[in-house]
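Heads up, the thing below is written out as structure tokens.
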Amino acid sequence: MVQAEKTRREPGERAGRLPAGVSFAARLSFDNVWHSFDNHAETLRGVSLSAEPGEVLCLLGPSGSGKTTLLRIAAGIETQTRGRVLLNDREISGPSVFVPPERRSIGLVFQDFALFPHLSILDNVRFGLTALSSSEAKREAMAALVRVDLEHHAHSFPHILSGGEQQRVALARALAPRPAVLLLDEPFSGLDSRLKDAVRAETLAILRQSRATAIVVTHDAEEAMRMGDRIALLKDGRLVQMGTAQTLFQTPIDLFAAGFFSELNLFEATARAGRVDTPLGQFSAPGTGDGVAVTVAVRLSGIEACEKDGETEARVISRRFLGEAEALELAVPGAETPVRARIRCGVLPSGARDIWLTVRKSDVLVFERRAENA
Ligand SMILES: Nc1ncnc2c1ncn2[C@@H]1O[C@H](COP(=O)(O)OP(=O)(O)OP(=O)(O)O)[C@@H](O)[C@H]1O
């Protein structure tokens with residue numbers, strides 16, 4: 001299966017061969033959206049966000065944070081309890097408006113692809129093209145299959161296709177009606193990890209070419225960073241932070257956001273004169289008042305280790321080989337629990353025991369301790 005995937009063209013090549021955009025991209029906005037299932041706690045609590053025309057927006061968050069529910073509300077297969085959904089400033093769902101799913105120009109790709117096993121690939125893709133004549137629907141479906149490079153499988157049945165190919169059929173089916181917005185719910189979660197990177201890159205290329213606005217649900221921060229023009233991070237039904245991957249990674253709004261993007265060592269400290277002391281050294285905490293309790297988060301990847309000339313002494317407790325990197329557990333004077341570090345392989349000689357650490361300042365984040373961070 002993997003071999004066959006490799007013989008295809010690169011995604012970028014496809015863009016040159018086929019006609020450009022197929023959709024009129026639209027802005028999709030959620031305005032103060034609340035939701036709860038009958039007699040259950042709130043699933044969404046006042047979410048307001050917009051996906052801009054033509055952008056790929058990733059909805060990121062842990063399991064149960066409300067990502068799928070938000071997508072289903074946009075598609076019209078779930079209804080919010082309060083708030084509005086707008087497509088290009090036109091309300092498609094609100095207190096007195098409900099545009100049915102088939103009239104929203106919004107396509108949906110499900111987690112499990114949801115292909116009909118008894119229909120050919122072509123008929124699967126044709127399925128949503130009910131507004132067209134039979135011959136037009138066939139032509140459009142074939143064009144959508146060409147777009148995902150699967151026209152040669154038009155008359156095959158889903159079971160003979162690899163997971164990656166099935167995902168592309170699902171994408172072709174969703175794109176065939178030329179939606180203004182495409183919603184993808186964990187589209188790569190069913191794929192073999194070796195296939196994932198290739199299918200993700202291809203999907204992104206196809207989305208760009210289609211020019212549809214896309215909202216992609218994922219719980220994987222790395223995937224969100226690879227795919228999203230912007231990322232909306234959700235927690236417990238609330239929008240925590242929204243921005244580019246760089247913004248969320250470099251300036252996370254709180255400890256939750258920081259921990260979602262990086263593995264962290266945490267130290268509790270008290271700010272004094274704009275600085276905080278930790279077992280890994282003293283760091284600046286600009287703007288933090290004297291006596292304020294803070295959590296200092298140090299990225300595992302921000303700790304460098306060497307045999308001499310570092311800033312903090314440490315003793316190696318354990319080392320685990322991870323290929324390009326090595327995971328270290330270290331005893332550091334003053335630290336109640338082992339400090340973890342992720343260093344490049346080969347930096348420390350095997351058998352190194354007493355070592356020195358240096359922390360990159362850009363990998364230190366200081367957050368005032370609040371109830372939810374504590
Ligand atoms: N039909 C339902 N009835 C009651 N509660 C539900 C129902 N479907 C989902 N929930 C709850 O609503 C919350 C949000 O679910 P949702 O599927 O939107 O989260 P999610 O972020 O997409 O999670 P996941 O990544 O696990 O799919 C969860 O706590 C879930 O248990």
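Ordering of the structure tokens sets the chain letters (A, B, ...), residue numbers begin anew at 1 in every chain, and ligands are numbered from 1 in the order given.
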How close does chain A get to ligand 1? List, as CSV, each residue of chain A within 10 Å, its nearest atom pair and the distance in Å to one decimal, counting only C-alpha atoms and all ligand atoms.
```
residue,atom,partner,partner_atom_place_in_ligand_line,distance
A:His35,CA,ligand 1,12 (O),9.0
A:Ser36,CA,ligand 1,12 (O),7.5
A:Phe37,CA,ligand 1,4 (C),5.0
A:Asp38,CA,ligand 1,4 (C),7.0
A:Asn39,CA,ligand 1,4 (C),8.3
A:His40,CA,ligand 1,4 (C),6.2
A:Ala41,CA,ligand 1,5 (N),8.1
A:Glu42,CA,ligand 1,12 (O),7.7
A:Thr43,CA,ligand 1,13 (C),4.9
A:Leu44,CA,ligand 1,14 (C),7.7
A:Leu59,CA,ligand 1,21 (O),8.8
A:Leu60,CA,ligand 1,21 (O),8.0
A:Gly61,CA,ligand 1,21 (O),6.1
A:Pro62,CA,ligand 1,25 (O),5.9
A:Ser63,CA,ligand 1,26 (O),3.5
A:Gly64,CA,ligand 1,19 (O),3.5
A:Ser65,CA,ligand 1,21 (O),3.8
A:Gly66,CA,ligand 1,18 (O),3.3
A:Lys67,CA,ligand 1,21 (O),4.0
A:Thr68,CA,ligand 1,22 (O),3.6
A:Thr69,CA,ligand 1,18 (O),3.7
A:Leu70,CA,ligand 1,18 (O),6.5
A:Leu71,CA,ligand 1,18 (O),8.1
A:Arg72,CA,ligand 1,18 (O),8.4
A:Ile73,CA,ligand 1,18 (O),9.9
A:Glu78,CA,ligand 1,1 (N),9.9
A:Gln111,CA,ligand 1,27 (O),9.3
A:Asp185,CA,ligand 1,22 (O),8.1
A:Glu186,CA,ligand 1,25 (O),8.0
A:Val217,CA,ligand 1,22 (O),7.6
A:Thr218,CA,ligand 1,25 (O),7.1
A:His219,CA,ligand 1,25 (O),6.0
A:Asp220,CA,ligand 1,25 (O),9.6
A:Leu234,CA,ligand 1,21 (O),7.8
A:Lys235,CA,ligand 1,21 (O),8.1
A:Asp236,CA,ligand 1,14 (C),7.9
A:Gly237,CA,ligand 1,14 (C),7.3
```
For those residues, write C-alpha atoms to a file as a CSV table (one decimal), in the first residue's frame.
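Dumped everything to part-v7.csv:
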```
chain,number,residue,atom,x,y,z
A,35,HIS,CA,-24.4,24.2,23.4
A,36,SER,CA,-25.5,21.4,25.8
A,37,PHE,CA,-26.9,17.9,25.1
A,38,ASP,CA,-30.2,17.3,27.0
A,39,ASN,CA,-29.7,17.3,30.7
A,40,HIS,CA,-25.9,17.3,30.4
A,41,ALA,CA,-23.4,19.9,31.3
A,42,GLU,CA,-22.5,22.6,28.7
A,43,THR,CA,-20.4,21.3,25.7
A,44,LEU,CA,-19.7,24.8,24.3
A,59,LEU,CA,-9.7,23.3,15.9
A,60,LEU,CA,-7.4,21.9,18.5
A,61,GLY,CA,-8.1,20.6,21.9
A,62,PRO,CA,-8.2,17.6,24.2
A,63,SER,CA,-10.9,14.9,24.0
A,64,GLY,CA,-14.2,16.3,25.1
A,65,SER,CA,-13.4,20.0,24.5
A,66,GLY,CA,-16.2,20.4,22.1
A,67,LYS,CA,-14.4,20.4,18.7
A,68,THR,CA,-16.7,17.9,17.0
A,69,THR,CA,-19.8,19.6,18.4
A,70,LEU,CA,-18.7,22.9,17.0
A,71,LEU,CA,-18.2,21.3,13.5
A,72,ARG,CA,-21.6,19.6,13.7
A,73,ILE,CA,-23.2,22.9,14.5
A,78,GLU,CA,-26.4,19.7,15.6
A,111,GLN,CA,-13.3,10.7,10.8
A,185,ASP,CA,-13.2,15.9,11.6
A,186,GLU,CA,-9.9,14.2,12.6
A,217,VAL,CA,-10.5,19.1,13.9
A,218,THR,CA,-7.5,17.5,15.6
A,219,HIS,CA,-6.2,16.8,19.0
A,220,ASP,CA,-2.6,16.7,17.8
A,234,LEU,CA,-10.4,24.8,22.9
A,235,LYS,CA,-10.7,23.6,26.4
A,236,ASP,CA,-13.9,22.6,28.2
A,237,GLY,CA,-16.1,24.2,25.5
```
Members of segment 57-301 of chain A assigned alpha helix (DSSP H) by DSSP, as number ranges by chain: A: 67-75, 121-126, 134-147, 163-175, 193-210, 221-227, 245-250, 255-261
Using DSSP on the backbone coordinates, identify the residues of segment 85-262 of chain A assigned to strand (DSSP E or B); present them as a ChimeraX atom specification. /A:85-87,90-94,97-98,106-109,181-185,213-218,230-235,238-243
Can I get the selected residues back with N, CA and C atoms, as a short mmCIF file (atom, residue, chain, number, x, y, z; two decimals), in the first residue's frame?
```cif
data_model
loop_
_atom_site.label_atom_id
_atom_site.label_comp_id
_atom_site.auth_asym_id
_atom_site.auth_seq_id
_atom_site.Cartn_x
_atom_site.Cartn_y
_atom_site.Cartn_z
N VAL A 85 -24.46 31.23 13.88
CA VAL A 85 -23.43 30.83 12.93
C VAL A 85 -23.67 31.63 11.66
N LEU A 86 -22.60 32.21 11.11
CA LEU A 86 -22.75 33.06 9.93
C LEU A 86 -21.82 32.60 8.82
N LEU A 87 -22.33 32.70 7.60
CA LEU A 87 -21.52 32.44 6.43
C LEU A 87 -21.46 33.75 5.66
N ARG A 90 -23.95 36.27 6.59
CA ARG A 90 -25.36 35.86 6.48
C ARG A 90 -25.60 34.80 7.56
N GLU A 91 -26.60 35.04 8.37
CA GLU A 91 -26.88 34.09 9.45
C GLU A 91 -27.42 32.79 8.84
N ILE A 92 -26.77 31.66 9.17
CA ILE A 92 -27.29 30.38 8.67
C ILE A 92 -27.89 29.56 9.82
N SER A 93 -27.63 30.03 11.04
CA SER A 93 -28.24 29.37 12.19
C SER A 93 -28.23 30.35 13.35
N GLY A 94 -29.41 30.56 13.92
CA GLY A 94 -29.54 31.52 15.01
C GLY A 94 -30.91 31.37 15.63
N VAL A 97 -33.34 31.59 12.69
CA VAL A 97 -32.93 31.14 11.34
C VAL A 97 -32.33 29.75 11.44
N PHE A 98 -32.69 28.89 10.52
CA PHE A 98 -31.97 27.61 10.42
C PHE A 98 -31.95 27.18 8.96
N ILE A 106 -21.69 23.81 2.74
CA ILE A 106 -20.65 23.37 3.68
C ILE A 106 -20.51 21.86 3.53
N GLY A 107 -19.29 21.41 3.25
CA GLY A 107 -19.04 19.97 3.10
C GLY A 107 -18.41 19.42 4.36
N LEU A 108 -18.62 18.13 4.58
CA LEU A 108 -18.12 17.50 5.82
C LEU A 108 -17.38 16.21 5.47
N VAL A 109 -16.18 16.06 6.01
CA VAL A 109 -15.44 14.80 5.86
C VAL A 109 -15.35 14.18 7.25
N VAL A 181 -17.20 26.06 2.28
CA VAL A 181 -16.46 25.70 3.50
C VAL A 181 -16.42 24.18 3.60
N LEU A 182 -15.25 23.67 3.94
CA LEU A 182 -15.11 22.23 4.12
C LEU A 182 -14.72 21.96 5.58
N LEU A 183 -15.45 21.04 6.20
CA LEU A 183 -15.18 20.71 7.60
C LEU A 183 -14.60 19.30 7.63
N LEU A 184 -13.48 19.12 8.31
CA LEU A 184 -12.84 17.80 8.36
C LEU A 184 -12.65 17.40 9.82
N ASP A 185 -13.27 16.30 10.22
CA ASP A 185 -13.22 15.87 11.61
C ASP A 185 -12.16 14.79 11.79
N THR A 213 -12.63 27.38 2.17
CA THR A 213 -12.23 27.61 3.56
C THR A 213 -12.32 26.25 4.25
N ALA A 214 -11.34 25.90 5.06
CA ALA A 214 -11.38 24.57 5.68
C ALA A 214 -11.21 24.68 7.19
N ILE A 215 -12.02 23.91 7.91
CA ILE A 215 -11.83 23.80 9.35
C ILE A 215 -11.51 22.34 9.64
N VAL A 216 -10.35 22.12 10.24
CA VAL A 216 -9.87 20.76 10.49
C VAL A 216 -9.82 20.52 11.99
N VAL A 217 -10.51 19.49 12.45
CA VAL A 217 -10.46 19.14 13.87
C VAL A 217 -9.31 18.18 14.13
N THR A 218 -8.55 18.46 15.15
CA THR A 218 -7.50 17.53 15.55
C THR A 218 -7.21 17.70 17.05
N ARG A 230 -4.07 29.11 10.85
CA ARG A 230 -4.23 29.52 12.25
C ARG A 230 -4.79 28.33 13.02
N ILE A 231 -4.66 28.45 14.33
CA ILE A 231 -5.13 27.39 15.22
C ILE A 231 -6.05 28.01 16.26
N ALA A 232 -7.19 27.35 16.51
CA ALA A 232 -8.08 27.76 17.61
C ALA A 232 -8.00 26.66 18.66
N LEU A 233 -7.50 27.01 19.82
CA LEU A 233 -7.33 26.02 20.89
C LEU A 233 -8.54 26.07 21.82
N LEU A 234 -9.19 24.91 22.00
CA LEU A 234 -10.38 24.83 22.85
C LEU A 234 -10.09 24.00 24.10
N LYS A 235 -10.78 24.37 25.18
CA LYS A 235 -10.71 23.57 26.40
C LYS A 235 -12.07 23.69 27.10
N ARG A 238 -14.58 26.10 25.75
CA ARG A 238 -14.23 27.52 25.63
C ARG A 238 -13.05 27.69 24.70
N LEU A 239 -13.01 28.83 23.99
CA LEU A 239 -11.85 29.16 23.18
C LEU A 239 -10.77 29.71 24.11
N VAL A 240 -9.63 29.03 24.13
CA VAL A 240 -8.54 29.46 25.01
C VAL A 240 -7.67 30.50 24.31
N GLN A 241 -7.30 30.21 23.06
CA GLN A 241 -6.41 31.11 22.33
C GLN A 241 -6.51 30.80 20.85
N MET A 242 -6.34 31.83 20.04
CA MET A 242 -6.40 31.63 18.60
C MET A 242 -5.29 32.44 17.95
N GLY A 243 -4.60 31.84 17.00
CA GLY A 243 -3.53 32.55 16.32
C GLY A 243 -2.73 31.60 15.45
#
```
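Distances from A:Val276, A:Ala154, A:Ser48, A:Glu324 to Ala293 of chain A were compared using only C-alpha atoms, and the smallest one belongs to A:Val276.
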Taking only C-alpha atoms into account, name the residue in A:Gly310, A:Gly190, A:Pro53, A:Gly164 that is nearest to Val359 of chain A. A:Gly310
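Atom CA of Ala305 of chain A is found 12.9 Å from atom CA of Ser350 of chain A.
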Need to verify the contact set: Ala352 of chain A, 9 Å, only C-alpha atoms, exclusion of same-chain residues closer than 5 positions in sequence. Can you return it as a VMD selection string? chain A and resid 307 315 to 316
Interface rows for segment 160-241 of chain A against segment 135-146 of chain A: nearest pair, Å to one decimal, 10 Å, only C-alpha atoms, as a Markdown table:
```
| residue | atom | partner | partner_atom | distance |
| --- | --- | --- | --- | --- |
| A:Arg168 | CA | A:Leu145 | CA | 8.4 |
| A:Val169 | CA | A:Leu145 | CA | 7.1 |
| A:Ala170 | CA | A:Leu145 | CA | 10.0 |
| A:Leu171 | CA | A:Ala144 | CA | 8.7 |
| A:Ala172 | CA | A:Ala144 | CA | 5.1 |
| A:Arg173 | CA | A:Ala144 | CA | 7.3 |
| A:Ala174 | CA | A:Ala144 | CA | 9.1 |
| A:Leu175 | CA | A:Ala144 | CA | 6.9 |
| A:Ala176 | CA | A:Ala144 | CA | 5.4 |
| A:Pro177 | CA | A:Glu140 | CA | 8.1 |
| A:Arg178 | CA | A:Ala144 | CA | 9.4 |
```
Using C-alpha atoms, can you write the selected residues to a file as a tab-separated table (two decimals), in the first residue's frame?
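Result written to again-v5.tsv:
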```tsv
chain	number	residue	atom	x	y	z
A	168	ARG	CA	-8.95	11.02	-0.71
A	169	VAL	CA	-12.27	9.61	-1.98
A	170	ALA	CA	-14.01	11.14	1.04
A	171	LEU	CA	-12.29	14.42	0.25
A	172	ALA	CA	-13.36	14.21	-3.42
A	173	ARG	CA	-16.95	13.52	-2.35
A	174	ALA	CA	-16.97	16.53	-0.03
A	175	LEU	CA	-15.36	18.78	-2.66
A	176	ALA	CA	-17.50	17.67	-5.61
A	177	PRO	CA	-20.43	20.02	-4.82
A	178	ARG	CA	-17.87	22.88	-4.61
```
Exercise: Ile343 of chain A partners within 8 Å, only C-alpha atoms, chain neighbours under 4 positions left out, as a PyMOL selection string: chain A and resi 301+303-305+325-328+347
Expected file: the selected residues, C-alpha atoms, as an mmCIF file, in the first residue's frame:
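Once everything was written out, this is result-v3.cif:
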```cif
data_model
loop_
_atom_site.group_PDB
_atom_site.id
_atom_site.type_symbol
_atom_site.label_atom_id
_atom_site.label_comp_id
_atom_site.auth_asym_id
_atom_site.auth_seq_id
_atom_site.Cartn_x
_atom_site.Cartn_y
_atom_site.Cartn_z
ATOM 1 C CA SER A 301 13.821 20.695 24.410
ATOM 2 C CA ILE A 303 17.671 22.256 28.156
ATOM 3 C CA GLU A 304 21.171 21.665 26.803
ATOM 4 C CA ALA A 305 23.459 19.153 28.482
ATOM 5 C CA ALA A 325 16.931 12.608 20.332
ATOM 6 C CA GLU A 326 17.572 11.247 23.783
ATOM 7 C CA ALA A 327 15.245 11.575 26.776
ATOM 8 C CA LEU A 328 17.048 12.277 30.041
ATOM 9 C CA VAL A 347 25.852 15.164 22.645
#
```
Taking only C-alpha atoms into account, name the residue in A:Glu222, A:Asp254, A:Glu336, A:Glu52 that is nearest to Val366 of chain A. A:Asp254
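You can rank A:Thr251, A:Arg370, A:Glu329, A:Ala341 by their closest distance to Thr295 of chain A using only C-alpha atoms, and at the top of that list sits A:Arg370.
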Using only C-alpha atoms, pick whichever of A:Arg211, A:Arg200, A:Arg147, A:Arg272 has the shortest atom-to-atom distance to Pro179 of chain A. A:Arg211
May I ask which of the residues A:Val56, A:Ser162, A:Val47, A:Leu132 is the closest one to Ile206 of chain A, counting only C-alpha atoms?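 Counting only C-alpha atoms, the residue closest to Ile206 of chain A is A:Val56.
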Report the distance between atom CA of Val199 of chain A and atom CA of Cys58 of chain A in Å, rounded to one decimal place.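 Spanning atom CA of Val199 of chain A to atom CA of Cys58 of chain A is a straight-line distance of 16.3 Å.
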Show which residues sit within 9 Å of Phe267 of chain A, as a ChimeraX atom specification. Count only C-alpha atoms, and ignore same-chain residues fewer than 4 positions away. /A:278-279,294-298,335
For Leu300 of chain A, work out the shell of residues within 7 Å, counting only C-alpha atoms and skipping chain neighbours fewer than 3 positions away, then give it as a list of chain:residue names.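 Near neighbours after the sequence-gap exclusion: A:Glu263, A:Leu264, A:Asn265, A:Ile303, A:Arg340, A:Ala341, A:Arg342.
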Using the selection just defined, write its residues with N, CA and C atoms as a JSON list (two decimals), in the first residue's frame.
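Generated file (selection-v4.json):
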```
[["chain", "number", "residue", "atom", "x", "y", "z"],
["A", 263, "GLU", "N", 6.33, 19.65, 25.84],
["A", 263, "GLU", "CA", 6.49, 18.98, 27.13],
["A", 263, "GLU", "C", 7.27, 19.91, 28.04],
["A", 264, "LEU", "N", 6.83, 20.00, 29.29],
["A", 264, "LEU", "CA", 7.37, 21.02, 30.19],
["A", 264, "LEU", "C", 7.84, 20.45, 31.52],
["A", 265, "ASN", "N", 8.88, 21.05, 32.09],
["A", 265, "ASN", "CA", 9.20, 20.90, 33.51],
["A", 265, "ASN", "C", 8.56, 22.08, 34.22],
["A", 303, "ILE", "N", 16.57, 22.51, 27.22],
["A", 303, "ILE", "CA", 17.67, 22.26, 28.16],
["A", 303, "ILE", "C", 18.82, 21.61, 27.39],
["A", 340, "ARG", "N", 13.33, 16.67, 33.48],
["A", 340, "ARG", "CA", 13.39, 15.93, 32.22],
["A", 340, "ARG", "C", 13.98, 16.83, 31.13],
["A", 341, "ALA", "N", 14.75, 16.22, 30.26],
["A", 341, "ALA", "CA", 15.33, 16.98, 29.14],
["A", 341, "ALA", "C", 15.31, 16.12, 27.90],
["A", 342, "ARG", "N", 15.26, 16.79, 26.76],
["A", 342, "ARG", "CA", 15.31, 16.07, 25.48],
["A", 342, "ARG", "C", 16.46, 16.66, 24.69]]
```
For Glu165 of chain A: contacts at 10 Å, only C-alpha atoms, fewer than 5 positions along chain excluded, given as number ranges by chain: A: 1, 5, 148-150, 153, 158, 160, 170-171, 199
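Between atom CA of Leu49 of chain A and atom CA of Val33 of chain A the interatomic distance comes to 9.4 Å.
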